[in-house]
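Heads up: the structure comes next, in structure tokens.
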Amino acid sequence: MSPRRSYDQYCSAARALDLVGDRWTLLIVRELLAGPRRYTDLHADLPGVSTDVLASRLKDMERDGLTTRRRLPPPGAAYVYELSSRGRELLPVLQALGAWGEAALGERRPTDAVRAHWFALPLLRGLGGGSAGLVEVRLEEGEFHLWVGPEDGPVYGEGPAPAEPDVRLSFDGVDTCGALGRGELGLRDAVRQGRVEVVGEGALAKELREA
């Protein structure tokens, strides 16, 4: 394993970038916020990364205490990667980075890959400040679910919610998703305009309908 490169600066920002400043590292964190993932799953949801670079980044992140690796019991018997408590502390960093990057997002280019669960972090920002709960989200690109509120585990997951969700959100199209991702439209505004359908009787659903 190659030694970790360093800026050799006595500055907390520089030290942080020593750990997460390499290309792909924070996007790997984004994927692992969904919980344990196999290498093949990570590679599929990080289009553009080479197998060598992904393997190298995962080794670096494990060495630096951001991730752990464990073997699933039979019949799975595959290795999965997951964030350590230190790695999960990067969620607000990614949230802030995403908010800062909204102005640079622009319209989707023909070469841009997209995954439904990539909208989880912007939606979490939009749902902040309200009640906690399990949210199921339906987009044209697919379904995912997320947990709003304090969680000591996955922040989101692919596919339908694993239990009865507190609220289901159905988007009317990719234009609404794009507008939310670019910060041009707030989630509660989208609900008021009829661009996002809210289904559910929990506190979070009522807050969204009454906002």
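Following the order of the structure tokens, first chain is A, next is B, and so on, with residues numbered from 1 inside each chain and ligands from 1 in the order they appear.
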Excluding same-chain residues fewer than 2 positions from Arg192 in chain A, what lies within 9 Å of it counting only C-alpha atoms, as a PyMOL selection string?
chain A and resi 187-190+194-196+208-211
Atoms to include: C-alpha atoms. Write the selected residues as a PDB file, in the first residue's frame.
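Resulting contents of out38.pdb:
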```
ATOM      1  CA  LEU A 187     -39.344  20.643  -1.634  1.00  0.00           C
ATOM      2  CA  ARG A 188     -42.216  22.308   0.185  1.00  0.00           C
ATOM      3  CA  ASP A 189     -42.746  24.681  -2.757  1.00  0.00           C
ATOM      4  CA  ALA A 190     -42.816  21.670  -5.090  1.00  0.00           C
ATOM      5  CA  GLY A 194     -48.465  19.879  -7.141  1.00  0.00           C
ATOM      6  CA  ARG A 195     -45.143  18.722  -8.565  1.00  0.00           C
ATOM      7  CA  VAL A 196     -44.554  16.296  -5.697  1.00  0.00           C
ATOM      8  CA  LEU A 208     -45.240  18.751   4.041  1.00  0.00           C
ATOM      9  CA  ARG A 209     -48.894  19.091   3.023  1.00  0.00           C
ATOM     10  CA  GLU A 210     -49.491  21.999   5.379  1.00  0.00           C
ATOM     11  CA  ALA A 211     -46.257  23.914   4.678  1.00  0.00           C
TER      12      ALA A 211
END
```
I'd like the neighbourhood of Pro36 in chain A as a list in words, where a residue qualifies if any of its atoms comes within 9 Å (using only C-alpha atoms), though same-chain residues fewer than 3 positions away should be ignored.
Leu32, Leu33, Arg69, Val80, Tyr81, Glu82, Leu83 and Pro154 of chain A
Sorted by chain and rising residue number, list the residues of range 12-111 of chain A at most 10 Å from range 125-132 of chain A (counting only C-alpha atoms), each with its closest atom pair and distance in Å to one decimal, as CSV.
```
residue,atom,partner,partner_atom,distance
A:Pro92,CA,A:Arg125,CA,9.8
A:Gln95,CA,A:Arg125,CA,7.3
A:Ala96,CA,A:Arg125,CA,9.4
A:Gly98,CA,A:Arg125,CA,9.6
A:Ala99,CA,A:Arg125,CA,8.5
```
Write a file of the just-selected residues containing N, CA and C atoms, as a JSON list (two decimals), in the first residue's frame.
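Heads up, here's the output in part_38.json:
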```json
[["chain", "number", "residue", "atom", "x", "y", "z"],
["A", 92, "PRO", "N", -22.48, 15.84, 7.05],
["A", 92, "PRO", "CA", -22.68, 17.29, 6.91],
["A", 92, "PRO", "C", -21.69, 17.94, 5.95],
["A", 95, "GLN", "N", -23.24, 17.36, 2.66],
["A", 95, "GLN", "CA", -24.41, 18.22, 2.57],
["A", 95, "GLN", "C", -24.01, 19.65, 2.20],
["A", 96, "ALA", "N", -23.00, 20.16, 2.89],
["A", 96, "ALA", "CA", -22.54, 21.52, 2.62],
["A", 96, "ALA", "C", -21.94, 21.62, 1.23],
["A", 98, "GLY", "N", -22.68, 19.77, -1.36],
["A", 98, "GLY", "CA", -23.77, 19.71, -2.33],
["A", 98, "GLY", "C", -24.50, 21.03, -2.45],
["A", 99, "ALA", "N", -24.75, 21.68, -1.31],
["A", 99, "ALA", "CA", -25.43, 22.97, -1.34],
["A", 99, "ALA", "C", -24.58, 24.00, -2.08]]
```
Coordinates-based distance that separates CA of Arg5 in chain A from CA of Tyr79 in chain A (Å, one decimal):
26.8 Å
Which of range 36-137 of chain A counts as helix (DSSP H, G or I) under DSSP, as number ranges by chain please?
A: 39-44, 51-63, 85-88, 91-105, 116-127
Resulting file, chosen residues, C-alpha atoms, as a PDB file, in the first residue's frame:
```pdb
ATOM      1  CA  TYR A  39     -17.229  -3.758  -4.284  1.00  0.00           C
ATOM      2  CA  THR A  40     -19.242  -4.631  -7.404  1.00  0.00           C
ATOM      3  CA  ASP A  41     -22.151  -2.474  -6.210  1.00  0.00           C
ATOM      4  CA  LEU A  42     -19.846   0.463  -5.575  1.00  0.00           C
ATOM      5  CA  HIS A  43     -18.263   0.106  -8.990  1.00  0.00           C
ATOM      6  CA  ALA A  44     -21.691   0.006 -10.672  1.00  0.00           C
ATOM      7  CA  THR A  51     -11.284  -0.859 -10.834  1.00  0.00           C
ATOM      8  CA  ASP A  52      -7.695  -0.057  -9.827  1.00  0.00           C
ATOM      9  CA  VAL A  53      -8.557   3.416  -8.537  1.00  0.00           C
ATOM     10  CA  LEU A  54     -11.613   2.182  -6.639  1.00  0.00           C
ATOM     11  CA  ALA A  55      -9.615  -0.599  -4.981  1.00  0.00           C
ATOM     12  CA  SER A  56      -6.854   1.848  -4.073  1.00  0.00           C
ATOM     13  CA  ARG A  57      -9.262   4.388  -2.582  1.00  0.00           C
ATOM     14  CA  LEU A  58     -11.019   1.726  -0.515  1.00  0.00           C
ATOM     15  CA  LYS A  59      -7.704   0.527   0.885  1.00  0.00           C
ATOM     16  CA  ASP A  60      -6.705   4.088   1.743  1.00  0.00           C
ATOM     17  CA  MET A  61     -10.045   4.774   3.423  1.00  0.00           C
ATOM     18  CA  GLU A  62      -9.820   1.586   5.479  1.00  0.00           C
ATOM     19  CA  ARG A  63      -6.261   2.438   6.531  1.00  0.00           C
ATOM     20  CA  SER A  85     -18.336   6.343  12.879  1.00  0.00           C
ATOM     21  CA  ARG A  86     -15.572   8.701  11.723  1.00  0.00           C
ATOM     22  CA  GLY A  87     -16.648   8.230   8.115  1.00  0.00           C
ATOM     23  CA  ARG A  88     -20.320   8.873   8.930  1.00  0.00           C
ATOM     24  CA  LEU A  91     -22.450  13.545   6.057  1.00  0.00           C
ATOM     25  CA  PRO A  92     -22.683  17.285   6.907  1.00  0.00           C
ATOM     26  CA  VAL A  93     -19.536  17.869   4.839  1.00  0.00           C
ATOM     27  CA  LEU A  94     -21.220  16.306   1.804  1.00  0.00           C
ATOM     28  CA  GLN A  95     -24.414  18.221   2.565  1.00  0.00           C
ATOM     29  CA  ALA A  96     -22.541  21.521   2.618  1.00  0.00           C
ATOM     30  CA  LEU A  97     -20.565  20.604  -0.502  1.00  0.00           C
ATOM     31  CA  GLY A  98     -23.769  19.706  -2.333  1.00  0.00           C
ATOM     32  CA  ALA A  99     -25.428  22.974  -1.343  1.00  0.00           C
ATOM     33  CA  TRP A 100     -22.361  24.911  -2.502  1.00  0.00           C
ATOM     34  CA  GLY A 101     -22.315  22.997  -5.790  1.00  0.00           C
ATOM     35  CA  GLU A 102     -25.948  23.674  -6.682  1.00  0.00           C
ATOM     36  CA  ALA A 103     -24.987  26.762  -8.676  1.00  0.00           C
ATOM     37  CA  ALA A 104     -22.604  24.690 -10.820  1.00  0.00           C
ATOM     38  CA  LEU A 105     -25.030  21.845 -11.542  1.00  0.00           C
ATOM     39  CA  ALA A 116     -32.095   7.820  -8.347  1.00  0.00           C
ATOM     40  CA  HIS A 117     -30.446   7.674  -4.920  1.00  0.00           C
ATOM     41  CA  TRP A 118     -28.146  10.581  -5.784  1.00  0.00           C
ATOM     42  CA  PHE A 119     -31.151  12.811  -5.000  1.00  0.00           C
ATOM     43  CA  ALA A 120     -31.207  11.530  -1.411  1.00  0.00           C
ATOM     44  CA  LEU A 121     -28.796  14.131  -0.031  1.00  0.00           C
ATOM     45  CA  PRO A 122     -30.560  17.151  -1.599  1.00  0.00           C
ATOM     46  CA  LEU A 123     -33.879  15.788  -0.335  1.00  0.00           C
ATOM     47  CA  LEU A 124     -32.478  15.384   3.163  1.00  0.00           C
ATOM     48  CA  ARG A 125     -31.593  19.072   3.111  1.00  0.00           C
ATOM     49  CA  GLY A 126     -35.117  19.889   1.984  1.00  0.00           C
ATOM     50  CA  LEU A 127     -36.646  17.754   4.724  1.00  0.00           C
TER      51      LEU A 127
END
```
DSSP-assigned strand (DSSP E) members of range 45-145 of chain A, reported as a list in words:
Thr67, Thr68, Arg69, Arg70, Arg71, Tyr79, Val80, Tyr81, Glu82, Leu83, Gly133, Leu134, Val135, Glu136, Val137, Arg138, Leu139, Gly142, Glu143, Phe144 and His145 of chain A
Rounded to one decimal, what separation in Å do you get between CA of Ala203 in chain A and CA of Ala163 in chain A?
16.6 Å
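Distances here use only C-alpha atoms; by that measure, the residue among A:Val199, A:Glu158, A:Ala205, A:Arg23 closest to Ser50 in chain A is A:Arg23.
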